[in-house]
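J.: Next comes the structure file my_file_23.txt, holding compact mmCIF, C-alpha atoms.
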# COMPACT_ATOMS: atom_id res chain seq x y z
CA MET A 1 123.62 209.51 218.31
CA PRO A 2 125.80 206.81 219.95
CA LYS A 3 129.38 206.78 218.75
CA SER A 4 129.09 203.23 217.46
CA ARG A 5 126.04 204.13 215.36
CA ALA A 6 127.71 207.27 214.02
CA ARG A 7 130.80 205.27 213.12
CA THR A 8 128.60 202.77 211.27
CA PHE A 9 126.98 205.56 209.26
CA ARG A 10 130.39 207.04 208.39
CA GLN A 11 131.60 203.64 207.24
CA MET A 12 128.46 203.19 205.17
CA ARG A 13 128.93 206.58 203.49
CA LEU A 14 132.55 205.81 202.69
CA SER A 15 131.62 202.37 201.37
CA LEU A 16 128.77 203.78 199.30
CA THR A 17 131.04 206.48 197.86
CA ALA A 18 133.54 203.83 196.81
CA VAL A 19 130.80 201.79 195.17
CA LEU A 20 129.41 204.81 193.33
CA CYS A 21 132.84 205.80 192.07
CA ALA A 22 133.49 202.29 190.82
CA LEU A 23 130.15 202.16 189.09
CA CYS A 24 130.60 205.56 187.48
CA LEU A 25 133.65 204.19 185.71
CA ASN A 26 131.34 201.77 183.91
CA ALA A 27 129.19 204.54 182.37
CA ALA A 28 130.58 206.01 179.17
CA PRO A 29 130.77 209.84 179.29
CA GLY A 30 128.08 211.55 177.26
CA VAL A 31 126.07 208.34 176.70
CA ALA A 32 122.37 208.71 177.47
CA ALA A 33 121.11 206.58 180.33
CA THR A 34 119.11 203.50 179.41
CA ALA A 35 115.54 203.54 180.73
CA LEU A 36 114.13 200.26 181.95
CA HIS A 37 111.08 199.09 183.85
CA PHE A 38 111.59 196.68 186.75
CA SER A 39 108.81 194.73 188.48
CA LEU A 40 108.85 193.12 191.89
CA ASP A 41 106.57 190.12 192.20
CA ARG A 42 104.55 191.50 195.14
CA PRO A 43 104.12 194.70 197.17
CA ILE A 44 107.27 196.12 198.71
CA ASP A 45 108.40 194.64 202.01
CA GLY A 46 111.70 194.06 203.77
CA ALA A 47 112.73 191.28 201.39
CA ALA A 48 112.86 193.81 198.52
CA ALA A 49 115.60 195.78 200.26
CA PRO A 50 118.48 195.07 197.83
CA PHE A 51 116.60 196.67 194.93
CA ILE A 52 115.12 199.51 196.98
CA VAL A 53 118.60 200.32 198.31
CA ALA A 54 120.13 200.19 194.82
CA ASN A 55 117.48 202.59 193.56
CA SER A 56 117.27 205.01 196.51
CA GLN A 57 121.05 205.19 196.94
CA GLY A 58 121.61 206.01 193.26
CA LEU A 59 123.42 202.81 192.31
CA TYR A 60 121.35 202.28 189.17
CA ARG A 61 121.80 205.91 188.14
CA ALA A 62 125.54 205.62 188.71
CA ASP A 63 125.59 202.73 186.25
CA ASN A 64 123.83 204.76 183.55
CA LEU A 65 120.33 203.39 184.15
CA THR A 66 117.02 205.12 184.72
CA VAL A 67 114.95 202.54 186.57
CA THR A 68 111.19 202.70 187.08
CA MET A 69 109.87 200.20 189.61
CA SER A 70 106.40 198.70 190.07
CA ASN A 71 104.78 195.74 191.80
CA ALA A 72 103.21 192.73 190.10
CA ALA A 73 100.54 190.66 191.84
CA ASN A 74 102.70 187.52 192.01
CA SER A 75 105.42 185.65 190.13
CA PRO A 76 103.19 184.49 187.23
CA ASP A 77 102.06 188.11 186.79
CA ALA A 78 105.67 189.35 186.84
CA ILE A 79 106.64 186.72 184.26
CA ALA A 80 103.69 187.68 182.06
CA ARG A 81 104.77 191.33 182.19
CA VAL A 82 108.29 190.48 181.07
CA ALA A 83 107.02 188.14 178.37
CA ALA A 84 104.74 190.90 177.02
CA GLY A 85 107.45 193.54 177.23
CA THR A 86 105.57 195.80 179.66
CA SER A 87 108.44 195.15 182.08
CA ASP A 88 112.02 194.77 180.91
CA ILE A 89 113.28 192.98 184.03
CA ALA A 90 111.43 191.41 186.94
CA LEU A 91 112.02 189.46 190.11
CA ALA A 92 110.13 186.18 189.90
CA ASP A 93 110.24 182.60 191.10
CA ILE A 94 112.46 180.59 188.77
CA ASN A 95 110.27 177.50 189.17
CA ALA A 96 107.24 179.47 188.02
CA LEU A 97 109.38 180.51 185.03
CA ILE A 98 110.20 176.86 184.30
CA ARG A 99 106.49 176.02 184.25
CA PHE A 100 105.74 179.07 182.09
CA ARG A 101 108.41 178.14 179.56
CA ASP A 102 106.94 174.64 179.24
CA LYS A 103 103.78 176.08 177.66
CA GLU A 104 103.57 175.89 173.89
CA GLY A 105 104.48 179.18 172.21
CA SER A 106 105.83 180.85 175.35
CA PRO A 107 108.42 183.61 174.71
CA PRO A 108 112.01 182.59 175.56
CA VAL A 109 112.21 184.57 178.81
CA LYS A 110 115.28 183.59 180.80
CA ALA A 111 116.68 184.20 184.26
CA VAL A 112 120.02 186.02 184.44
CA PHE A 113 120.70 186.19 188.19
CA VAL A 114 119.47 183.96 191.02
CA LEU A 115 118.76 185.95 194.18
CA TYR A 116 117.36 183.15 196.37
CA ASN A 117 119.91 180.37 196.28
CA LYS A 118 117.39 178.37 198.31
CA ALA A 119 113.68 178.72 197.61
CA PRO A 120 111.70 179.97 200.64
CA TYR A 121 109.01 177.27 200.30
CA ALA A 122 107.85 176.02 203.68
CA ILE A 123 105.07 174.57 205.75
CA VAL A 124 104.34 176.86 208.67
CA ALA A 125 102.56 175.00 211.47
CA ARG A 126 101.33 175.45 215.02
CA LYS A 127 103.03 173.25 217.57
CA SER A 128 99.90 173.60 219.68
CA ARG A 129 98.07 171.82 216.83
CA GLY A 130 100.41 168.83 217.16
CA ILE A 131 103.02 169.63 214.50
CA ALA A 132 106.63 170.07 215.57
CA SER A 133 108.36 168.23 212.74
CA MET A 134 107.69 166.97 209.21
CA ALA A 135 106.86 163.53 210.63
CA ASP A 136 103.84 165.04 212.41
CA ILE A 137 102.12 166.17 209.18
CA GLU A 138 100.16 162.98 208.51
CA GLY A 139 96.59 163.24 209.74
CA LYS A 140 96.67 167.05 209.76
CA THR A 141 94.98 169.72 207.66
CA ILE A 142 97.14 172.09 205.61
CA GLY A 143 95.69 175.30 204.23
CA VAL A 144 96.80 175.84 200.62
CA ALA A 145 96.21 179.18 198.93
CA ASP A 146 95.27 179.26 195.25
CA GLY A 147 98.41 179.49 193.12
CA ASP A 148 100.73 178.96 196.10
CA LEU A 149 104.18 178.06 194.77
CA ALA A 150 105.24 175.99 197.78
CA SER A 151 102.23 173.68 197.42
CA LYS A 152 103.31 172.72 193.90
CA LEU A 153 106.48 171.18 195.31
CA TRP A 154 104.73 169.51 198.24
CA PRO A 155 104.21 166.13 196.48
CA ALA A 156 107.95 165.76 195.93
CA VAL A 157 108.80 166.79 199.50
CA ALA A 158 106.17 164.44 200.91
CA ARG A 159 107.50 161.43 198.96
CA HIS A 160 111.10 162.27 199.85
CA ASN A 161 110.14 162.25 203.54
CA ASN A 162 107.99 159.08 203.36
CA ILE A 163 104.78 160.98 204.00
CA LYS A 164 101.66 159.50 202.44
CA PRO A 165 99.90 162.35 200.62
CA GLY A 166 96.54 160.65 201.09
CA LYS A 167 96.91 161.00 204.85
CA VAL A 168 97.28 164.81 204.66
CA LYS A 169 94.21 166.92 204.00
CA LEU A 170 94.87 169.90 201.74
CA GLU A 171 92.22 172.56 202.22
CA LYS A 172 92.03 175.24 199.54
CA ILE A 173 91.84 178.71 201.02
CA SER A 174 92.28 182.31 199.92
CA ALA A 175 95.72 183.84 200.34
CA ALA A 176 94.06 186.68 202.24
CA VAL A 177 92.94 184.33 205.04
CA ARG A 178 96.00 182.06 205.17
CA GLU A 179 97.54 183.54 208.32
CA PRO A 180 94.20 184.42 210.00
CA MET A 181 92.94 180.82 209.62
CA LEU A 182 96.12 179.35 211.08
CA SER A 183 96.13 181.93 213.84
CA ALA A 184 92.53 181.00 214.69
CA GLY A 185 93.28 177.26 214.62
CA GLN A 186 90.99 176.58 211.66
CA VAL A 187 93.83 174.69 209.97
CA ASP A 188 96.87 172.99 211.47
CA ALA A 189 99.42 174.40 209.05
CA VAL A 190 99.75 176.39 205.82
CA THR A 191 102.10 176.31 202.85
CA GLY A 192 103.87 179.51 201.88
CA PHE A 193 107.14 181.41 202.06
CA SER A 194 109.03 181.10 205.34
CA PHE A 195 109.84 184.81 205.53
CA LEU A 196 106.23 185.82 204.85
CA SER A 197 103.78 183.55 206.66
CA ALA A 198 105.89 182.82 209.74
CA ILE A 199 106.71 186.46 210.41
CA ASN A 200 103.21 187.66 209.60
CA LEU A 201 101.85 185.15 212.12
CA ARG A 202 104.12 186.44 214.86
CA ASP A 203 102.88 189.92 214.03
CA ARG A 204 99.34 188.61 214.58
CA GLY A 205 100.31 187.55 218.09
CA VAL A 206 101.14 183.88 217.57
CA PRO A 207 104.09 183.15 219.90
CA ALA A 208 107.33 182.28 218.12
CA ASN A 209 107.69 179.15 220.28
CA ASP A 210 104.33 177.89 218.96
CA LEU A 211 105.46 178.01 215.34
CA ALA A 212 107.21 175.21 213.45
CA VAL A 213 108.75 176.47 210.19
CA LEU A 214 109.46 173.41 208.05
CA ARG A 215 111.61 174.75 205.21
CA PHE A 216 111.53 172.48 202.18
CA SER A 217 115.24 173.15 201.61
CA GLU A 218 115.91 171.32 204.88
CA PHE A 219 113.84 168.32 203.79
CA GLY A 220 115.44 167.37 200.49
CA SER A 221 114.35 170.15 198.14
CA ASP A 222 117.03 171.20 195.65
CA VAL A 223 115.21 173.97 193.80
CA TYR A 224 116.41 177.53 193.49
CA GLY A 225 114.09 180.43 194.29
CA HIS A 226 113.55 183.94 193.00
CA ALA A 227 115.66 185.26 190.15
CA LEU A 228 115.96 188.28 187.89
CA ILE A 229 114.30 187.51 184.56
CA VAL A 230 114.65 189.59 181.39
CA ASN A 231 112.56 190.25 178.31
CA PRO A 232 114.44 188.56 175.42
CA LYS A 233 114.10 191.54 173.05
CA PHE A 234 115.38 193.94 175.69
CA ALA A 235 118.28 191.60 176.50
CA ALA A 236 119.26 191.39 172.83
CA GLU A 237 119.05 195.13 172.25
CA HIS A 238 120.50 196.32 175.58
CA PRO A 239 122.90 193.64 176.89
CA ASP A 240 125.07 196.22 178.66
CA ALA A 241 122.02 197.62 180.47
CA VAL A 242 121.12 194.14 181.73
CA LYS A 243 124.68 193.64 182.96
CA ALA A 244 124.57 197.04 184.63
CA PHE A 245 121.29 196.25 186.37
CA VAL A 246 122.69 192.99 187.72
CA ARG A 247 125.91 194.71 188.80
CA ALA A 248 124.12 197.55 190.59
CA SER A 249 121.67 195.13 192.23
CA ILE A 250 124.61 193.16 193.62
CA ALA A 251 125.99 196.43 195.01
CA GLY A 252 122.61 197.12 196.62
CA LEU A 253 122.56 193.60 198.08
CA ARG A 254 126.03 194.07 199.55
CA LEU A 255 124.97 197.30 201.28
CA THR A 256 121.86 195.51 202.56
CA ILE A 257 123.92 192.66 203.98
CA LYS A 258 126.33 195.11 205.60
CA ASP A 259 123.63 197.12 207.40
CA PRO A 260 120.13 195.58 207.24
CA ALA A 261 118.67 198.15 209.64
CA ARG A 262 119.79 201.02 207.40
CA ALA A 263 118.39 199.18 204.37
CA ILE A 264 115.00 198.93 206.06
CA ASP A 265 114.97 202.71 206.49
CA ASP A 266 115.00 202.96 202.69
CA VAL A 267 112.29 200.30 202.41
CA LEU A 268 109.98 202.02 204.88
CA ALA A 269 110.19 205.21 202.84
CA GLN A 270 108.44 203.26 200.05
CA MET A 271 105.82 201.58 202.28
CA SER A 272 102.66 202.75 204.01
CA ASN A 273 102.51 202.04 207.75
CA GLY A 274 105.42 199.61 207.69
CA SER A 275 106.94 198.36 210.94
CA HIS A 276 110.72 198.72 211.19
CA ASP A 277 111.08 195.77 213.57
CA LEU A 278 108.82 193.50 211.51
CA GLU A 279 110.45 194.26 208.16
CA LEU A 280 113.94 194.04 209.64
CA GLU A 281 113.07 190.58 210.97
CA ARG A 282 111.77 189.64 207.51
CA LEU A 283 114.92 190.89 205.80
CA ARG A 284 117.26 189.13 208.20
CA ALA A 285 115.32 185.89 207.69
CA VAL A 286 115.53 186.00 203.89
CA LEU A 287 119.22 186.91 203.99
CA LYS A 288 120.05 184.05 206.34
CA ASP A 289 117.82 181.33 204.93
CA ASN A 290 117.63 182.08 201.21
CA ILE A 291 120.37 184.44 200.01
CA VAL A 292 123.57 184.03 202.05
CA THR A 293 123.71 180.23 201.89
CA GLY A 294 126.66 177.89 202.04
CA ASP A 295 126.70 177.70 198.24
CA VAL A 296 126.83 181.49 197.97
CA ARG A 297 129.57 181.80 200.57
CA LYS A 298 131.61 179.34 198.49
CA ASN A 299 130.73 180.26 194.91
CA GLY A 300 129.37 183.81 195.03
CA LEU A 301 126.02 185.33 194.20
CA GLY A 302 123.78 184.77 191.24
CA GLY A 303 124.82 181.56 189.51
CA ILE A 304 123.44 178.03 189.36
CA ASP A 305 124.91 174.55 189.53
CA ASP A 306 123.74 172.47 186.57
CA ALA A 307 123.51 169.20 188.53
CA ARG A 308 121.47 170.81 191.29
CA PHE A 309 119.23 172.49 188.72
CA ALA A 310 118.58 169.13 187.09
CA ALA A 311 117.73 167.59 190.48
CA GLY A 312 115.26 170.42 191.07
CA LEU A 313 113.64 169.74 187.71
CA SER A 314 113.11 166.12 188.71
CA GLN A 315 111.26 167.29 191.81
CA ILE A 316 109.10 169.70 189.79
CA ALA A 317 108.32 166.85 187.40
CA GLU A 318 106.62 164.96 190.24
CA ASP A 319 103.77 167.48 190.04
CA ARG A 320 103.64 167.87 186.26
CA GLU A 321 104.64 166.19 183.01
CA PHE A 322 106.97 168.34 180.95
CA ARG A 323 106.28 168.73 177.25
CA LYS A 324 110.06 168.80 176.95
CA ARG A 325 112.27 168.83 180.02
CA PRO A 326 114.47 171.95 179.76
CA LEU A 327 118.23 172.11 179.98
CA PRO A 328 119.76 174.66 182.37
CA ALA A 329 120.70 176.89 179.40
CA ASP A 330 117.05 176.97 178.32
CA ILE A 331 116.10 178.75 181.55
CA PHE A 332 119.24 180.47 182.81
CA ASP A 333 121.64 182.70 180.85
CA ASP A 334 124.88 183.32 182.75
CA THR A 335 126.39 185.71 180.18
CA PHE A 336 125.04 188.75 182.04
CA LEU A 337 126.74 187.85 185.32
CA PRO A 338 129.89 189.62 186.51
CA PRO A 339 132.93 187.34 186.82
CA PRO A 340 132.99 185.11 189.92
CA ASP A 341 135.47 187.31 191.78
CA ALA A 342 133.01 190.22 191.48
CA ARG A 343 130.12 188.22 192.95
CA GLY A 344 131.56 187.37 196.34
CA ILE A 345 130.16 188.82 199.52
CA ASP A 346 131.91 190.44 202.46
CA LEU A 347 130.13 189.18 205.54
CA PRO A 348 130.03 191.37 208.67
Written as structure tokens, how would this file's structure read?
T.:
Amino acid sequence: MPKSRARTFRQMRLSLTAVLCALCLNAAPGVAATALHFSLDRPIDGAAAPFIVANSQGLYRADNLTVTMSNAANSPDAIARVAAGTSDIALADINALIRFRDKEGSPPVKAVFVLYNKAPYAIVARKSRGIASMADIEGKTIGVADGDLASKLWPAVARHNNIKPGKVKLEKISAAVREPMLSAGQVDAVTGFSFLSAINLRDRGVPANDLAVLRFSEFGSDVYGHALIVNPKFAAEHPDAVKAFVRASIAGLRLTIKDPARAIDDVLAQMSNGSHDLELERLRAVLKDNIVTGDVRKNGLGGIDDARFAAGLSQIAEDREFRKRPLPADIFDDTFLPPPDARGIDLP
């Protein structure tokens, strides 16, 4: 093993030991561990690394938690699981949660930690189909998968960028054929997550220099992305367990940021036929574009800005009429967050 790689591993072990020792101080001696069920909102891939690392490296156990993990089909499914109590905590899109909470009689599920400071919504297009910028969208055909979260925000992004929606053809397609249809040139672009569709297309052989990734966050979108959401009964009965889960997940995220390649080793142990290079590219993309943003560098992980949240609600409202527009406190509960000085990140 090269000396530099060995030194990195030694540093990781020392860092991990320090984290584990610090976490162990939080667990009261002789107190039984709290069992909880955690759901991801889709099958495991590189973007799930912070939680896989926290689990496989024993960070949850060190904070007196016994965590069982499973995969939901999508964010609405993950939210439904938490609402029903079949999952105690889940990772889900906060904008899907906002829409869920606007339904009459919906349980008061709340987010407690924002992972994606910027939502990964994007239009992924082929330059060879005549799209290199947002201004090129008019007159083109965009493939939109059923239930796609990015497409719900498209009307607001289009208006903000002076694009006439009537001049863009939206073709409904299955999520299973989204990348194949764009790869084959059957559509000019697709909506989706930047770290999913764009990287999957490159894996299908589409050259990187033929792809235009138009991230909504770069075209006036203020919305946050995925967040940890908690069943209200579980949160009321086990507030310390929720705090511990957030704390340990932050520790897992820090290790992931410090050594993404090592984090992907843990991820691949939970996948079937995963590609190290592909998933590492996916992880680095989500860290750069969605997690380690300017806001996070300044203010730390996990929180929200009320004014920005309100601006995001206004954009969501362009695609729906709220029964009652929520306040930030209706959707996000910051009482489970560590103090700001414990949510900073040490960048390599």
J.: Report as CSV the residues of stretch 70-179 of chain A within 8 Å of stretch 275-293 of chain A, each with its shortest atom pair and distance in Å (one decimal), using only C-alpha atoms, ordered by chain and increasing residue number.
T.:
residue,atom,partner,partner_atom,distance
A:Leu115,CA,A:Ile291,CA,6.2
A:Tyr116,CA,A:Ile291,CA,4.9
A:Asn117,CA,A:Ile291,CA,5.5
A:Lys118,CA,A:Asn290,CA,4.7
A:Ala119,CA,A:Asn290,CA,6.3
A:Pro120,CA,A:Asn290,CA,6.3
J.: Can you measure atom CA of A:Met271 to atom CA of A:Ala208 for me? One decimal in Å is fine.
T.: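 We find that atom CA of A:Met271 and atom CA of A:Ala208 lie 25.0 Å from each other.
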J.: Which residues, written as a ChimeraX atom specification, have at least one atom at most 12 Å from A:Asp240, with only C-alpha atoms counted and residues fewer than 6 positions away on the same chain left out?
T.: /A:26-28,33-34,63-65,234,246-247,335-338
J.: Just to confirm, what's the straight-line distance from atom CA of A:Ala54 to atom CA of A:Ser249 in Å (one decimal)?
T.: 5.9 Å
J.: Restricting the calculation to all atoms listed in the file, which member of A:Gly130, A:Gly139, A:Pro232, A:Gly205 is positioned closest to A:Pro107?
T.: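 Ranked by minimum distance to A:Pro107, first place goes to A:Pro232.
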J.: Fewer than 6 positions away in the same chain doesn't count, so skip those; otherwise give me all residues within 12 Å of A:Glu237, counting only C-alpha atoms, as a PyMOL selection string.
T.: chain A and resi 34+88+230-231
J.: Tell me, in Å to one decimal, how far atom CA of A:Ala62 is from atom CA of A:Ala248.
T.: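 Separation of atom CA of A:Ala62 and atom CA of A:Ala248: 8.4 Å.
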J.: Need the neighbours of (106.1, 189.9, 184.4): which residues are at most 10 Å away, counting all atoms listed in the file, as a ChimeraX atom specification?
T.: /A:38-41,71-92,97,109,229-231
J.: Rank nothing, just name the residue among A:Phe322, A:Phe245, A:Phe100, A:Tyr224 nearest to A:Asp306, using all atoms listed in the file.
T.: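 Distance minimum relative to A:Asp306 lands on A:Tyr224.
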J.: Would you pick out the contacts of stretch 147-157 of chain A at 7 Å or less, using only C-alpha atoms, so that residues sharing its chain but fewer than 5 positions from it are not included, and give the list as a list in words?
T.: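 Counting only C-alpha atoms, the residues come to Tyr121, Ala122, Thr191, Gly192, Phe216, Phe219, Gly220, Ser221, Gln315, Ile316, Glu318 and Asp319 of chain A.
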J.: Can you sort out the box for stretch 233-243 of chain A, edges along x, y and z, all listed atoms in, 3 Å on every side, with centre and edge lengths in Å to one decimal, as JSON?
T.:
{"center_x": 119.6, "center_y": 194.5, "center_z": 177.6, "size_x": 17.0, "size_y": 12.2, "size_z": 16.7}
J.: Counting all atoms listed in the file, figure out which residue out of A:Lys110, A:Gly312, A:Ser56, A:Met134 gets nearest to A:Glu218.
T.: A:Met134
J.: Using only C-alpha atoms for the distances, tell me which of A:Ile250, A:Leu214, A:Ala184, A:Ala111 is nearest to A:Ala135.
T.: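 For A:Ala135, the nearest of the given residues is A:Leu214.
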J.: Which residue gives the smallest distance to A:Val124 among A:Arg178, A:Arg254, A:Arg42, A:Lys298, with all atoms listed in the file counted?
T.: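 Of the candidates, the smallest distance to A:Val124 is held by A:Arg178.
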J.: In terms of the shortest atom-to-atom distance over all atoms listed in the file, which of A:Gln57, A:Gln186, A:Asn209, A:Asn273 is closest to A:Asp45?
T.: A:Asn273
J.: Using all atoms listed in the file, which residues sit within 10 Å of A:Ala269 once same-chain residues fewer than 5 positions away are excluded, as a list in words?
T.: Ile52, Ser56, Ile264 and Gly274 of chain A
J.: Skip stretch 179-181 of chain A itself and residues of its chain fewer than 4 positions away, then list as a tab-separated table (two decimals) with C-alpha atoms, in the frame of the given file all residues within 8 Å of it, counting only C-alpha atoms.
T.:
chain	number	residue	atom	x	y	z
A	185	GLY	CA	93.28	177.26	214.62
A	186	GLN	CA	90.99	176.58	211.66
A	187	VAL	CA	93.83	174.69	209.97
A	190	VAL	CA	99.75	176.39	205.82
A	197	SER	CA	103.78	183.55	206.66
A	200	ASN	CA	103.21	187.66	209.60
A	201	LEU	CA	101.85	185.15	212.12
